[in-house]
Every structure is written in structure tokens, then in C-alpha cells.
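*Asks:* Below you'll find model_14.pdb; it's PDB, C-alpha atoms and all ligand atoms.
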ATOM      1  CA  MET A 467      15.911 -39.669  28.741
ATOM      2  CA  PHE A 468      17.814 -39.214  25.465
ATOM      3  CA  LYS A 469      21.090 -38.701  27.333
ATOM      4  CA  THR A 470      20.872 -42.239  28.643
ATOM      5  CA  MET A 471      20.280 -43.549  25.152
ATOM      6  CA  LYS A 472      23.181 -41.529  23.730
ATOM      7  CA  THR A 473      25.611 -43.256  26.085
ATOM      8  CA  THR A 474      24.899 -46.513  24.346
ATOM      9  CA  LEU A 475      26.443 -46.035  20.944
ATOM     10  CA  LEU A 476      24.911 -49.101  19.378
ATOM     11  CA  LEU A 477      21.454 -48.180  20.580
ATOM     12  CA  SER A 478      21.885 -44.632  19.284
ATOM     13  CA  ILE A 479      22.704 -45.882  15.828
ATOM     14  CA  PHE A 480      19.638 -48.046  15.751
ATOM     15  CA  LEU A 481      17.426 -45.286  17.084
ATOM     16  CA  LEU A 482      18.806 -42.488  14.928
ATOM     17  CA  GLY A 483      15.987 -42.631  12.412
ATOM     18  CA  ALA A 484      13.210 -42.819  14.963
ATOM     19  CA  LYS A 485      14.814 -40.156  17.145
ATOM     20  CA  SER A 486      15.076 -37.535  14.415
ATOM     21  CA  ALA A 487      11.498 -38.245  13.420
ATOM     22  CA  PHE A 488      10.483 -37.618  17.019
ATOM     23  CA  ALA A 489      12.494 -34.378  17.133
ATOM     24  CA  MET A 490      10.775 -33.051  14.013
ATOM     25  CA  HIS A 491       7.387 -33.968  15.336
ATOM     26  CA  HIS A 492       8.146 -32.312  18.645
ATOM     27  CA  GLN A 493       9.350 -29.108  16.985
ATOM     28  CA  HIS A 494       6.189 -28.950  14.911
ATOM     29  CA  ASN A 495       4.086 -29.113  18.080
ATOM     30  CA  SER A 496       6.120 -26.389  19.776
ATOM     31  CA  GLU A 497       5.170 -24.043  16.935
ATOM     32  CA  GLN A 498       1.646 -24.195  18.304
ATOM     33  CA  ASN A 499       0.150 -24.995  14.964
ATOM     34  CA  HIS A 500       1.354 -21.715  13.490
ATOM     35  CA  ASP A 501       2.640 -21.594   9.903
ATOM     36  CA  GLU A 502       5.562 -19.159   9.833
ATOM     37  CA  LYS A 503       5.234 -18.853   6.059
ATOM     38  CA  LEU A 504       1.955 -16.996   6.419
ATOM     39  CA  ILE A 505       2.877 -13.531   7.679
ATOM     40  CA  ILE A 506       0.362 -10.961   8.879
ATOM     41  CA  ASN A 507       1.453  -7.320   8.592
ATOM     42  CA  GLU A 508      -0.080  -4.225  10.183
ATOM     43  CA  PRO A 509      -3.436  -5.581  11.334
ATOM     44  CA  TRP A 510      -5.787  -2.784  12.354
ATOM     45  CA  VAL A 511      -9.427  -2.167  13.174
ATOM     46  CA  ARG A 512     -11.120   0.946  11.850
ATOM     47  CA  ALA A 513     -12.306   3.097  14.749
ATOM     48  CA  ALA A 514     -16.098   3.416  14.869
ATOM     49  CA  PRO A 515     -18.740   5.274  16.910
ATOM     50  CA  ALA A 516     -19.745   3.679  20.244
ATOM     51  CA  ASN A 517     -23.065   2.522  18.755
ATOM     52  CA  ALA A 518     -21.574   0.982  15.593
ATOM     53  CA  PRO A 519     -23.126  -2.426  14.745
ATOM     54  CA  MET A 520     -19.917  -3.675  13.113
ATOM     55  CA  LEU A 521     -16.247  -2.887  12.590
ATOM     56  CA  GLY A 522     -13.869  -3.555   9.702
ATOM     57  CA  VAL A 523     -10.466  -5.203  10.168
ATOM     58  CA  PHE A 524      -7.633  -4.755   7.684
ATOM     59  CA  MET A 525      -4.125  -6.151   7.205
ATOM     60  CA  GLN A 526      -1.721  -7.583   4.701
ATOM     61  CA  ILE A 527      -1.394 -11.374   4.519
ATOM     62  CA  GLN A 528       1.814 -12.646   2.898
ATOM     63  CA  ASN A 529       2.207 -16.209   1.701
ATOM     64  CA  HIS A 530       5.899 -17.146   1.568
ATOM     65  CA  SER A 531       5.198 -20.729   0.544
ATOM     66  CA  ASN A 532       4.841 -22.447  -2.813
ATOM     67  CA  ASN A 533       1.281 -23.476  -1.966
ATOM     68  CA  ASP A 534      -1.840 -21.406  -2.392
ATOM     69  CA  ALA A 535      -3.429 -20.691   0.979
ATOM     70  CA  LYS A 536      -6.923 -19.785   2.078
ATOM     71  CA  LEU A 537      -8.015 -17.899   5.138
ATOM     72  CA  ILE A 538     -11.121 -19.861   6.054
ATOM     73  CA  SER A 539     -12.286 -18.229   9.279
ATOM     74  CA  ALA A 540     -11.691 -15.462  11.783
ATOM     75  CA  ASP A 541     -12.767 -15.395  15.423
ATOM     76  CA  ALA A 542     -12.768 -12.779  18.163
ATOM     77  CA  ALA A 543     -14.173 -12.774  21.681
ATOM     78  CA  GLY A 544     -16.838 -10.148  22.400
ATOM     79  CA  TYR A 545     -18.586 -10.228  19.021
ATOM     80  CA  GLN A 546     -21.730 -12.042  17.937
ATOM     81  CA  ARG A 547     -19.882 -13.282  14.879
ATOM     82  CA  VAL A 548     -16.911 -12.577  12.662
ATOM     83  CA  GLU A 549     -17.199 -12.819   8.877
ATOM     84  CA  LEU A 550     -14.919 -12.661   5.858
ATOM     85  CA  HIS A 551     -16.140  -9.904   3.526
ATOM     86  CA  ARG A 552     -15.282  -8.362   0.218
ATOM     87  CA  THR A 553     -16.614  -5.010  -0.930
ATOM     88  CA  MET A 554     -17.553  -5.179  -4.602
ATOM     89  CA  GLU A 555     -19.412  -3.022  -7.082
ATOM     90  CA  HIS A 556     -22.722  -4.488  -8.080
ATOM     91  CA  HIS A 557     -24.750  -2.550 -10.687
ATOM     92  CA  GLY A 558     -22.924   0.617  -9.738
ATOM     93  CA  VAL A 559     -23.471   0.141  -6.011
ATOM     94  CA  MET A 560     -20.701  -0.834  -3.597
ATOM     95  CA  LYS A 561     -21.793  -3.861  -1.572
ATOM     96  CA  MET A 562     -20.167  -6.009   1.079
ATOM     97  CA  ILE A 563     -20.441  -9.650   0.154
ATOM     98  CA  LYS A 564     -19.713 -12.454   2.598
ATOM     99  CA  GLN A 565     -16.966 -14.801   1.404
ATOM    100  CA  ASP A 566     -16.361 -18.453   2.268
ATOM    101  CA  PHE A 567     -12.604 -17.825   2.253
ATOM    102  CA  MET A 568      -9.896 -15.360   1.278
ATOM    103  CA  PRO A 569      -7.346 -16.626  -1.266
ATOM    104  CA  ILE A 570      -3.650 -15.908  -0.711
ATOM    105  CA  ALA A 571      -1.778 -17.191  -3.752
ATOM    106  CA  ALA A 572       1.579 -18.944  -3.439
ATOM    107  CA  ASN A 573       4.472 -16.477  -3.068
ATOM    108  CA  ASN A 574       2.004 -13.628  -3.139
ATOM    109  CA  GLN A 575      -0.023 -11.495  -0.777
ATOM    110  CA  LEU A 576      -3.569 -10.342  -0.161
ATOM    111  CA  ASN A 577      -4.225  -6.805   1.000
ATOM    112  CA  LEU A 578      -7.245  -6.341   3.219
ATOM    113  CA  LYS A 579      -8.180  -2.681   2.949
ATOM    114  CA  PRO A 580     -11.211  -0.388   2.989
ATOM    115  CA  GLY A 581     -13.304  -0.877  -0.160
ATOM    116  CA  SER A 582     -11.896  -4.359  -0.758
ATOM    117  CA  TRP A 583     -11.281  -7.552   1.247
ATOM    118  CA  HIS A 584     -11.828  -7.177   4.985
ATOM    119  CA  ILE A 585     -12.782  -9.040   8.125
ATOM    120  CA  MET A 586     -16.037  -7.879   9.722
ATOM    121  CA  LEU A 587     -16.534  -7.880  13.483
ATOM    122  CA  ILE A 588     -20.310  -8.002  13.882
ATOM    123  CA  GLY A 589     -22.403  -7.256  16.965
ATOM    124  CA  PRO A 590     -19.792  -6.012  19.454
ATOM    125  CA  ASP A 591     -20.524  -6.387  23.176
ATOM    126  CA  ALA A 592     -18.775  -3.014  23.394
ATOM    127  CA  VAL A 593     -17.221  -1.059  20.541
ATOM    128  CA  PRO A 594     -13.449  -0.859  21.199
ATOM    129  CA  ALA A 595     -11.941   2.596  21.561
ATOM    130  CA  GLU A 596      -9.128   4.055  19.517
ATOM    131  CA  GLY A 597      -5.841   2.593  20.739
ATOM    132  CA  ASP A 598      -7.461  -0.613  22.010
ATOM    133  CA  VAL A 599      -6.138  -3.928  20.745
ATOM    134  CA  VAL A 600      -8.488  -6.623  19.429
ATOM    135  CA  ASN A 601      -7.214 -10.213  19.436
ATOM    136  CA  ILE A 602      -8.385 -12.052  16.356
ATOM    137  CA  LYS A 603      -7.748 -15.706  15.585
ATOM    138  CA  LEU A 604      -7.172 -16.496  11.915
ATOM    139  CA  THR A 605      -7.538 -20.070  10.697
ATOM    140  CA  PHE A 606      -6.138 -21.256   7.375
ATOM    141  CA  ASN A 607      -7.069 -24.207   5.172
ATOM    142  CA  ASN A 608      -3.790 -26.026   5.921
ATOM    143  CA  GLY A 609      -4.955 -26.441   9.508
ATOM    144  CA  THR A 610      -2.750 -23.711  10.977
ATOM    145  CA  SER A 611      -4.007 -20.734  12.903
ATOM    146  CA  GLN A 612      -2.572 -17.645  14.518
ATOM    147  CA  ILE A 613      -3.769 -14.909  16.805
ATOM    148  CA  ILE A 614      -3.143 -11.348  15.681
ATOM    149  CA  ASN A 615      -3.333  -8.135  17.704
ATOM    150  CA  ALA A 616      -5.176  -5.503  15.684
ATOM    151  CA  VAL A 617      -4.937  -1.926  16.924
ATOM    152  CA  VAL A 618      -8.006   0.280  16.683
ATOM    153  CA  ARG A 619      -7.258   3.464  14.769
ATOM    154  CA  LYS A 620      -8.741   5.943  12.335
ATOM    155  CA  GLY A 621      -8.954   5.008   8.692
ATOM    156  CA  LYS A 622      -5.835   6.810   7.575
ATOM    157  CA  MET A 623      -3.387   4.411   5.947
ATOM    158  CA  THR A 624       0.170   4.283   7.235
ATOM    159  CA  MET A 625       1.434   2.826   3.985
ATOM    160  CA  LYS A 626       1.886   4.919   0.839
ATOM    161  CA  HIS A 627      -1.555   5.983  -0.235
ATOM    162  CA  HIS A 628      -1.963   8.384  -3.109
ATOM    163  CA  GLY A 629      -5.733   8.060  -3.560
ATOM    164  CA  SER A 630      -8.266  10.728  -2.731
ATOM    165  CA  HIS A 631      -9.884  10.740   0.675
ATOM    166  CA  HIS A 632     -13.140   8.817   0.393
ATOM    167  CA  HIS A 633     -15.812   9.608   2.951
TER     168      HIS A 633
HETATM  169 CU    CU A 701     -18.040  -6.031   5.730
END
Translate this file's structure into C-alpha cells.
*Replies:*
Amino acid sequence: MFKTMKTTLLLSIFLLGAKSAFAMHHQHNSEQNHDEKLIINEPWVRAAPANAPMLGVFMQIQNHSNNDAKLISADAAGYQRVELHRTMEHHGVMKMIKQDFMPIAANNQLNLKPGSWHIMLIGPDAVPAEGDVVNIKLTFNNGTSQIINAVVRKGKMTMKHHGSHHH
């Protein structure tokens, strides 16, 4: 279609503005609504016993943009619901508190890890086994979303971790 237009020089000149606008719009659609400036690293699900009522999901979310971002929801098939949680100390007791969103500051990152921010898979149809992959859809406040593949593994961190072994 565009080839025909290109053969007519005059028409091309007149259409140049509209055509490049179309190209940009088209490219945006081909990204499938995925913001490449929000990068998810090392998503994993902590392995749990077969009768576990819920599982924790951890990862690092990097924000390579100049705008603050918020993770506003997470979804996964095979669970009654998926919530955003943060473990916090409350009167000396560690408690998981449901969050409306997770903040990822501009040019910064948020680390989801045991004892801190995490995604909670609640009410599994079947608890996934070690080595299984759970597909989780993350939706951000700028309207973008992406599906991550989180591998089920034991709690040991692969990144540098000097802390003592809790629990
Ligand atoms: Cu939780």
C-alpha cells in the first residue's frame, strides 16, 4: 500500500507527516503494550509443601525511565487470587500487609524478596513443584503489562546474600 504512495513523489511529501505518525502508532501496538523501560529480573516462586495455602513470588523490578512507576496488579491462572504484599514489623511481630501498589521510583529499582515486598499467590488449584514455571501477568499504572515466567525453587538467593539463614 505504501509502495504505491511512494511512487508519487508529490503525494509522499504531503503524506510524510501523517505516514510517520502512523508508523509510530503501529510500532507501539507491535510492542503488545509492554514498556521496555520496566525490566523484570530473576522472577522466582518460593517452593512450598503440596498443601501450602499460598506461595511467595520474588524478583527485581528496574525502572529505566524518568517517571515513577507503580505495579498495580498481578494475575496468574490457577490461583483464587493474587495480591501485592509487604512484610513489615508491627509491634515486634512480622506481618504481611496487602498493598494497593508497589512503587518503583524513576531510574531506580524495587527488590521483591523474602521478608519484604512480594507477590502472593493465594489458593492454588495445585501447588507447583520445584522447577515448574508460573506465568504471572504484571500490570503497571502507565497502562502497560507484561507476562513473566517465574521458576519455582527453594528460598536460597542466587544473588550475593551475606545475611544469616532465617528459618
Ligand atoms: Cu504475603
*Asks:* Expand the PyMOL selection byres (((chain A and resi 620) around 7) and not hetatm) into the individual residues it matches in the shown file, reporting them as a ChimeraX atom specification.
*Replies:* /A:512-513,619,621-622
*Asks:* Please work out which residues fall within 7 Å of (-0.1, -15.0, 7.2), coordinates as given in the file, with all atoms listed in the file counting, and return them as an NGL selection string.
*Replies:* :A and (503-506 or 527-529)
*Asks:* Taking 6 positions as the minimum chain separation for residues in the same chain, which residues sit within 12 Å of Pro509 of chain A when counting only C-alpha atoms? Answer as a PyMOL selection string.
*Replies:* chain A and resi 522-527+577-579+584-585+599-604+613-619+623-624
*Asks:* Spell out the residues picked by the PyMOL selection byres (((chain A and resi 554) around 9) and not hetatm) here, as number ranges by chain.
*Replies:* A: 552-553, 555-556, 559-563, 581-583
*Asks:* Specify as a list in words each residue included when the PyMOL selection byres (((chain A and resi 534) around 9) and not hetatm) is applied to this file.
*Replies:*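 With the PyMOL selection byres (((chain A and resi 534) around 9) and not hetatm) on this model, the match is Asn529, Ser531, Asn532, Asn533, Ala535, Lys536, Pro569, Ile570, Ala571, Ala572, Asn573 and Asn574 of chain A.
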*Asks:* Could you tell me how far atom CA of Gln575 of chain A lies from atom CA of Leu587 of chain A, in Å and to one decimal?
*Replies:* 22.1 Å
*Asks:* Between atom CA of Pro515 of chain A and atom CA of Leu550 of chain A, what is the distance in Å, rounded to a tenth?
*Replies:*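 Going from atom CA of Pro515 of chain A over to atom CA of Leu550 of chain A, I get 21.4 Å.
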*Asks:* Between A:Asp501, A:Glu549, A:Asp541, A:Glu508, which one has atoms that come closest to ligand CU 701 (chain A), using only C-alpha atoms and all ligand atoms?
*Replies:*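 Checking each of A:Asp501, A:Glu549, A:Asp541, A:Glu508 against ligand CU 701 (chain A), counting only C-alpha atoms and all ligand atoms, the winner is A:Glu549.
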*Asks:* Tell me, in Å to one decimal, how far atom CA of Ala514 of chain A is from atom CA of Ile538 of chain A.
*Replies:*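 One can read the atom CA of Ala514 of chain A to atom CA of Ile538 of chain A distance as 25.4 Å.
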*Asks:* Looking at only C-alpha atoms and all ligand atoms, which of A:Met568, A:Tyr545, A:Met520, A:Gly597 is the one that sits closest to ligand CU 701 (chain A)?
*Replies:*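 Closest to ligand CU 701 (chain A) of all the choices is A:Met520.
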*Asks:* Identify which of the residues A:Pro590, A:Gly609, A:Pro580, A:Gly558 lies closest to ligand CU 701 (chain A), counting all atoms listed in the file when measuring atom-to-atom distances.
*Replies:*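 Among the listed residues, the smallest separation from ligand CU 701 (chain A) belongs to A:Pro580.
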*Asks:* Between A:Leu521, A:Val511, A:Leu576, A:Val593, which one has atoms that come closest to ligand CU 701 (chain A), using only C-alpha atoms and all ligand atoms?
*Replies:*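 Comparing A:Leu521, A:Val511, A:Leu576, A:Val593 against ligand CU 701 (chain A), the winner is A:Leu521.
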*Asks:* Which is closer to ligand CU 701 (chain A) than all the others in A:Asn517, A:Gln565, A:Asn507, A:Asn608, using only C-alpha atoms and all ligand atoms?
*Replies:*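 Counting only C-alpha atoms and all ligand atoms, the residue closest to ligand CU 701 (chain A) is A:Gln565.
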*Asks:* Quick one: 3 Å padding each side, axis-aligned, all listed atoms of segment 586-604 of chain A - centre and edge lengths in Å to one decimal, as JSON?
*Replies:*
{"center_x": -14.1, "center_y": -6.2, "center_z": 16.6, "size_x": 22.6, "size_y": 26.6, "size_z": 19.7}
*Asks:* Just want the 8 Å neighbourhood of Asn499 of chain A, counted on only C-alpha atoms, with same-chain residues fewer than 6 positions away dropped. Output as a PyMOL selection string.
*Replies:* chain A and resi 609-612
